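Enquirer: Below are the structure tokens for one structure; questions will follow.
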Amino acid sequence: MNSFIPRLELRDQNSTIMNFMSPVLAIILTLATSAIIFLIMGFNPIQTLYVFFVSPISTLSGLSELLVKAIPLALIGTGLAFCFKNKIYNIGAEGQLTMGAIFGGGVAIYFYDSNAYWLLTMILIAGSIGGVLWALIPAYLKIKFNTNEILTSLMLVYISLYILDYLVVGPWKDPLGFSYPKSRPFSEAGRLPIIFNGYRVHAGLYVMLTLVFLSWFIFSKTLIGFKLKVSGHSSMASRFAGFNQNYLIYLGFGVCGAFAGLAGIMEVSGPIGLLYRDISPNYGFTAIIVAFMGRLHPFGILLSSLIIALTYLGAEDAQLFLQIPSAVGFVFQGLILFYLLGSEILIKYRLKFI
Amino acid sequence: MKSLFAYISVLFLIFFGSVFADQKKVGFIYIGPPGDHGWTYMHDQGRQYMEDTLGDKVSSTYIENVPENADAVRAIRKLAESGHDLIFTTSFNYMDQTMEVAKDFPDINFEHATGYKRSDNISTYSGRFYEGRMIEGHIAGKMSKSNTIGYIASFPIPEVVRGINAFYLAASKVNPDIKMKIIWVFTWYDPGKEADAANTLINQGADIIVQHTDTYAPCQAAEKAGVYAFGQASNQESFCPNSHLTAIEDVWGPYYAERAQAVVDGSWSSQDTWDGMQKGMVVMSPYNESLMSADLIAEAQAMEEGIKDGSLHPFTGPIYDQEGKLVVEDGDVASDGMLLGMNFYVQGIDGELP
């Protein structure tokens with residue numbers, strides 16, 4: 001009766017090559033699909049793809065902007081890998097980012113007229129602590145009450161955004177800001193230094209690269225990485241091996257919270273320089289795409305953060321030079337994720353027509 | 001290969017064509033899409049008017065949906081780096097971002113809408129929208145049956161507070177029993193949130209909806225519920241023909257044409273512009289004859305004339321603040337300085353500013 005609808009059948013063995021090739025395949029399919037979309041919209045597809053993916057990074061400042069955008073994405077994506085590898089679905093990184101910005105920003109606002117050399121370090125540490133504390137809430141709830149971490153971590157995003165709202169509308173409002181909901185500007189000592197004069201890319205790049213490398217080391221060379229992997233494959237096997245599940249859950253959430261909190265405070269003390277309600281264009285959610293696109297491998301995540309960052313920059317160039325609506329950038333992101341998840345399924349399963 | 005060369009030349013022309021043709025390039029940053037049929041729509045209408053008026057002397061582009069965070073710096077910078085001579089940033093919270101970019105590009109002229117920070121190459125401009133609020137308040141005071149007005153406010157900045165006060169002063173003058181319910185949505189552009197706020201206000205008994213946000217969602221919600229509404233920024237009657245009484249239209253075209261012409265002539269200099277009905281920057285949409293009585297329309301039109309010739313001012317004393325302190329003496333009108341910094345409700349408005 002259902003002979004036209006294929007069924008999914010589990011494959012005996014996953015192809016290792018396809019496992020690595022699937023992001024590449026997803027990108028190629030995305031490019032092909034978007035070329036067709038552009039053609040239907042009446043644009044020259046090759047020219048459009050050029051404007052989208054090459055022209056944004058054809059200048060030094062374009063490259064700098066790409067890195068500015070990729071820093072939080074790569075950092076959060078790597079943090080998420082600590083959860084996702086263990087099949088813990090923390091999708092609340094946006095909230096952990098916001099809490100990082102609040103904790104770190106709080107220090108910066110309290111010392112707004114200080115030029116102490118230790119201020120920036122304090123701010124960054126406070127930011128990571130904020131992220132960790134916020135991330136440990138869903139971890140604790142999961143362990144104690146077996147709540148679904150997808151729901152709790154997501155709901156905490158909205159709570160954190162409202163806390164930020166409250167602070168910038170109320171107690172932390174800039175006394176000189178004409179009652180606009182934003183904080184005082186941070187002092188110079190509280191700002192992340194710029195790497196090259198005239199470009200916006202900031203010292204957060206070094207922090208991000210260090211942590212990505214460190215995470216790669218942990219995943220591939222240490223027992224913790226091995227435990228996360230085993231536990232993700234089969235929690236039963238991991239329990240028989242005597243690995244402490246609760247410890248791994250706390251660890252995943254904690255590291256992810258620290259990374260996301262750091263990403264938040266680095267965005268605030270880097271390019272922004274003060275606190276207000278719209279600090280993040282959904283970095284915490286976009287990083288989920290980045291993490292999966294990078295196959296949860298730190299270097300893959302680094303690469304995919306650059307690709308996703310490029311879709312944002314490309315959307316602006318496409319508007320500027322070809323008058324293509326900005327929504328096309330999100331269509332790209334959607335397509336990439338769609339093809340990625342699609343190929344993921346087909347790696348594990350084969351289609352069977354009965 | 002040949003075609004690739006062709007594309008690169010095309011792009012080269014797009015980038016540098018203006019230099020050869022000595023055509024001035026004008027760029028715009030929009031907070032929403034031109035399709036909002038409100039705030040951004042009217043800026044885009046202004047842009048097109050400018051192009052039509054100046055013909056070959058200018059060309060223009062825009063970037064839409066630019067969030068009011070670190071991304072705005074990138075978008076403004078992008079316009080500056082791609083050879084634009086004059087850049088309009090059309091939302092209040094692009095203020096610091098405009099300052100940041102403008103200081104790196106002293107040869108490019110910037111114009112920031114509704115802000116207060118200027119420099120050698122940044123002008124500011126805005127409309128005296130509160131003049132229209134006075135007329136809306138008068139109409140609402142006469143037409144409300146439930147004596148309850150629902151007001152959707154965006155941010156508690158002087159611009160918005162001024163509109164609320166002007167509206168209330170006029171409404172309470174003709175109807176002392178009038179009450180205002182105010183919801184702060186803390187966004188300029190969010191059709192969903194705006195519609196939710198409208199529905200909440202209607203459920204609380206409001207039979208006229210006023211908004212200080214960018215889209216036509218509130219007037220559509222009013223249409224559905226069978227209550228009245230005022231359009232915002234543009235004539236939104238086509239979206240809610242049975243509820244739309246009138247709207248305050250922002251007419252930017254002549255200003256944009258004048259400023260672009262100044263750049264063409266080389267006579268551009270930093271200045272502050274705050275024009276109202278007299279100069280035609282603020283215009284009332286045609287009054288809805290099937291909803292309003294002929295007498296009321298005549299009254300509204302007479303008020304327009306009064307505002308234009310200066311015999312009528314929305315903030316004419318005596319005006320008291322919420323604590324009962326006299327802020328404008330009997331017979332005086334509020335100074336521009338007071339209007340620009342207005343951060344209090346006038347006596348009679350319930351609730352407090354966030």
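Ordering of the structure tokens sets the chain letters (A, B, ...), residue numbers begin anew at 1 in every chain, and ligands are numbered from 1 in the order given.
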Quick one: everything within 9 Å of Met42 of chain B, counting only C-alpha atoms, minus sequence neighbours fewer than 2 positions away in the same chain. Send it as a ChimeraX atom specification.

Expert: /B:34,37-40,44-47,233-234,249-253

Enquirer: Would you give me, as JSON lines, each residue of chain A having an atom within 8 Å of an atom of chain B, along with its shortest atom pair and that distance in Å to one decimal, using only C-alpha atoms and sorting by chain and residue number?

Expert:
{"residue": "A:Gln47", "atom": "CA", "partner": "B:Tyr7", "partner_atom": "CA", "distance": 6.1}
{"residue": "A:Glu65", "atom": "CA", "partner": "B:Arg74", "partner_atom": "CA", "distance": 7.0}
{"residue": "A:Val169", "atom": "CA", "partner": "B:Pro354", "partner_atom": "CA", "distance": 6.6}
{"residue": "A:Gly170", "atom": "CA", "partner": "B:Pro354", "partner_atom": "CA", "distance": 7.3}
{"residue": "A:Phe178", "atom": "CA", "partner": "B:Ile157", "partner_atom": "CA", "distance": 6.2}
{"residue": "A:Ser179", "atom": "CA", "partner": "B:Ile157", "partner_atom": "CA", "distance": 5.6}
{"residue": "A:Tyr180", "atom": "CA", "partner": "B:Ile157", "partner_atom": "CA", "distance": 5.3}
{"residue": "A:Pro181", "atom": "CA", "partner": "B:Phe155", "partner_atom": "CA", "distance": 7.5}
{"residue": "A:Gly198", "atom": "CA", "partner": "B:Asp104", "partner_atom": "CA", "distance": 7.7}
{"residue": "A:Pro271", "atom": "CA", "partner": "B:Ala70", "partner_atom": "CA", "distance": 5.9}
{"residue": "A:Ile272", "atom": "CA", "partner": "B:Ala70", "partner_atom": "CA", "distance": 5.5}
{"residue": "A:Asp278", "atom": "CA", "partner": "B:Asn69", "partner_atom": "CA", "distance": 6.0}
{"residue": "A:Ile279", "atom": "CA", "partner": "B:Asn69", "partner_atom": "CA", "distance": 5.8}
{"residue": "A:Ser280", "atom": "CA", "partner": "B:Asn69", "partner_atom": "CA", "distance": 7.5}
{"residue": "A:Pro281", "atom": "CA", "partner": "B:Pro67", "partner_atom": "CA", "distance": 7.5}
{"residue": "A:Glu316", "atom": "CA", "partner": "B:Ile63", "partner_atom": "CA", "distance": 6.4}
{"residue": "A:Gln319", "atom": "CA", "partner": "B:Ile63", "partner_atom": "CA", "distance": 5.9}
{"residue": "A:Leu320", "atom": "CA", "partner": "B:Thr61", "partner_atom": "CA", "distance": 5.9}
{"residue": "A:Phe321", "atom": "CA", "partner": "B:Ile14", "partner_atom": "CA", "distance": 7.2}
{"residue": "A:Gln323", "atom": "CA", "partner": "B:Thr61", "partner_atom": "CA", "distance": 7.7}
{"residue": "A:Pro325", "atom": "CA", "partner": "B:Glu64", "partner_atom": "CA", "distance": 7.7}
{"residue": "A:Ser326", "atom": "CA", "partner": "B:Glu64", "partner_atom": "CA", "distance": 6.6}

Enquirer: Go ahead and write the residues just picked, N, CA and C atoms, as a short mmCIF file (atom, residue, chain, number, x, y, z; two decimals), in the first residue's frame.

Expert:
data_model
loop_
_atom_site.label_atom_id
_atom_site.label_comp_id
_atom_site.auth_asym_id
_atom_site.auth_seq_id
_atom_site.Cartn_x
_atom_site.Cartn_y
_atom_site.Cartn_z
N GLN A 47 27.36 35.27 -10.61
CA GLN A 47 27.69 36.60 -10.09
C GLN A 47 27.19 36.73 -8.64
N GLU A 65 36.14 41.46 9.79
CA GLU A 65 34.73 41.33 10.19
C GLU A 65 34.31 39.86 10.26
N VAL A 169 17.26 48.51 31.88
CA VAL A 169 16.16 49.47 32.00
C VAL A 169 16.18 50.10 33.39
N GLY A 170 16.64 49.32 34.38
CA GLY A 170 16.58 49.78 35.75
C GLY A 170 17.94 50.16 36.33
N PHE A 178 19.92 59.63 28.49
CA PHE A 178 18.58 60.05 28.06
C PHE A 178 17.56 58.94 28.27
N SER A 179 17.68 58.19 29.33
CA SER A 179 16.84 57.06 29.73
C SER A 179 16.68 55.99 28.66
N TYR A 180 17.60 55.92 27.71
CA TYR A 180 17.57 54.80 26.79
C TYR A 180 18.10 53.57 27.52
N PRO A 181 17.48 52.40 27.28
CA PRO A 181 17.91 51.22 28.04
C PRO A 181 19.28 50.70 27.63
N GLY A 198 42.51 50.06 13.31
CA GLY A 198 41.65 50.34 12.16
C GLY A 198 40.74 49.18 11.80
N PRO A 271 33.73 44.39 20.69
CA PRO A 271 33.16 45.34 19.73
C PRO A 271 32.09 46.27 20.31
N ILE A 272 31.36 45.87 21.36
CA ILE A 272 30.23 46.68 21.79
C ILE A 272 30.65 47.75 22.81
N ASP A 278 20.21 44.03 23.05
CA ASP A 278 20.41 43.26 21.81
C ASP A 278 21.86 42.85 21.60
N ILE A 279 22.55 42.42 22.67
CA ILE A 279 23.98 42.21 22.50
C ILE A 279 24.31 41.10 21.52
N SER A 280 23.43 40.10 21.40
CA SER A 280 23.80 38.97 20.55
C SER A 280 22.76 38.75 19.46
N PRO A 281 23.20 38.70 18.21
CA PRO A 281 22.26 38.32 17.15
C PRO A 281 22.08 36.80 17.13
N GLU A 316 24.77 40.90 3.52
CA GLU A 316 24.86 42.37 3.45
C GLU A 316 25.38 42.83 2.10
N GLN A 319 22.75 42.59 -0.54
CA GLN A 319 21.80 43.69 -0.51
C GLN A 319 22.39 44.93 -1.14
N LEU A 320 23.65 45.17 -0.78
CA LEU A 320 24.30 46.41 -1.19
C LEU A 320 24.52 46.44 -2.70
N PHE A 321 25.00 45.34 -3.25
CA PHE A 321 25.41 45.37 -4.65
C PHE A 321 24.35 44.83 -5.59
N GLN A 323 20.82 44.28 -4.40
CA GLN A 323 19.49 44.52 -3.86
C GLN A 323 18.71 43.22 -3.63
N PRO A 325 17.09 40.73 -0.89
CA PRO A 325 16.65 40.90 0.50
C PRO A 325 17.53 40.16 1.50
N SER A 326 17.64 40.72 2.71
CA SER A 326 18.56 40.15 3.69
C SER A 326 18.14 38.76 4.13
#

Enquirer: Please provide the set of residues having any atom within 10 Å of Leu151 of chain A, restricted to only C-alpha atoms, with same-chain residues fewer than 4 positions apart removed, written as a PDB file with C-alpha atoms, in the first residue's frame.

Expert:
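Heads up, here's the output in out-v5.pdb:
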ATOM      1  CA  TYR A  89      21.229  18.598  24.243  1.00  0.00           C
ATOM      2  CA  ASN A  90      22.008  21.929  25.807  1.00  0.00           C
ATOM      3  CA  ILE A  91      20.356  24.422  23.486  1.00  0.00           C
ATOM      4  CA  GLY A  92      20.477  27.271  25.983  1.00  0.00           C
ATOM      5  CA  PRO A 138      19.748  22.570  33.782  1.00  0.00           C
ATOM      6  CA  THR A 147      14.139  16.902  33.648  1.00  0.00           C
ATOM      7  CA  MET A 155      13.531  28.384  29.011  1.00  0.00           C
ATOM      8  CA  LEU A 156      16.521  29.743  30.917  1.00  0.00           C
TER       9      LEU A 156
END

Enquirer: Among segment 67-290 of chain A, which ones does DSSP place in strand (DSSP E or B), written as a PyMOL selection string?

Expert: chain A and resi 182+194+202+276

Enquirer: Give the answer as one residue: which of A:Ile347, A:Ile57, A:Ala93, A:Ile28 has the shortest atom-to-atom distance to Leu10 of chain A, using only C-alpha atoms?

Expert: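 For Leu10 of chain A, the nearest of the given residues is A:Ile347.
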
Enquirer: Just asking: which residues within segment 18-259 of chain A are alpha helix (DSSP H) according to DSSP, as number ranges by chain?

Expert: A: 18-41, 45-53, 60-84, 93-110, 119-145, 149-169, 204-221, 223-233, 235-240, 245-259

Enquirer: Which neighbours of Asn175 of chain B fall inside 10 Å, counting only C-alpha atoms, when residues of the same chain fewer than 6 positions from it are skipped, and could you give them as a PyMOL selection string?

Expert: chain B and resi 137-138+140-144+147+168-169

Enquirer: I'd like to know which of B:Gly351, B:Val264, B:Ala298, B:Gly150 is closest to Ala222 of chain B, using only C-alpha atoms.

Expert: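 Checking each candidate against Ala222 of chain B, we get B:Gly150 as the closest.
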
Enquirer: For Ala302 of chain B, find every residue with an atom within 12 Å (counting only C-alpha atoms), except residues of its own chain fewer than 5 positions away, and show them as a list in words.

Expert: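 Close residues of Ala302 of chain B: Ile135, His138, Asp295, Leu296, Ile297, Ile307, Lys308, Asp309, Ser311 and Leu312 of chain B.
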
Enquirer: Between atom CA of Ile289 of chain A and atom CA of Leu124 of chain A, measure the distance and give it in Å to one decimal.

Expert: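 Here the two named atoms are 25.5 Å from each other.
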
Enquirer: Residues at most 10 Å from Met18 of chain A, counting only C-alpha atoms, excluding those fewer than 3 positions away in the same chain, as a list in words?

Expert: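 Final neighbour list, sorted by chain and number: Asn14, Ser15, Met21, Ser22, Pro23, Val24, Leu25, Ser343, Glu344, Leu346 and Ile347 of chain A.
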
Enquirer: Figure out the distance between atom CA of Val227 of chain B and atom CA of Pro191 of chain B, please, to one decimal in Å.

Expert: 18.4 Å

Enquirer: Could you name the residues that touch Leu322 of chain A at 9 Å or less, counting only C-alpha atoms, but leaving out those on the same chain fewer than 3 positions away, as a PyMOL selection string?

Expert: chain A and resi 43+48+51+317-319

Enquirer: Under the rule that only C-alpha atoms are counted, which of A:Ile249, A:Ile17, A:Ile324, A:Leu75 is the nearest residue to Leu141 of chain A?

Expert: A:Ile249
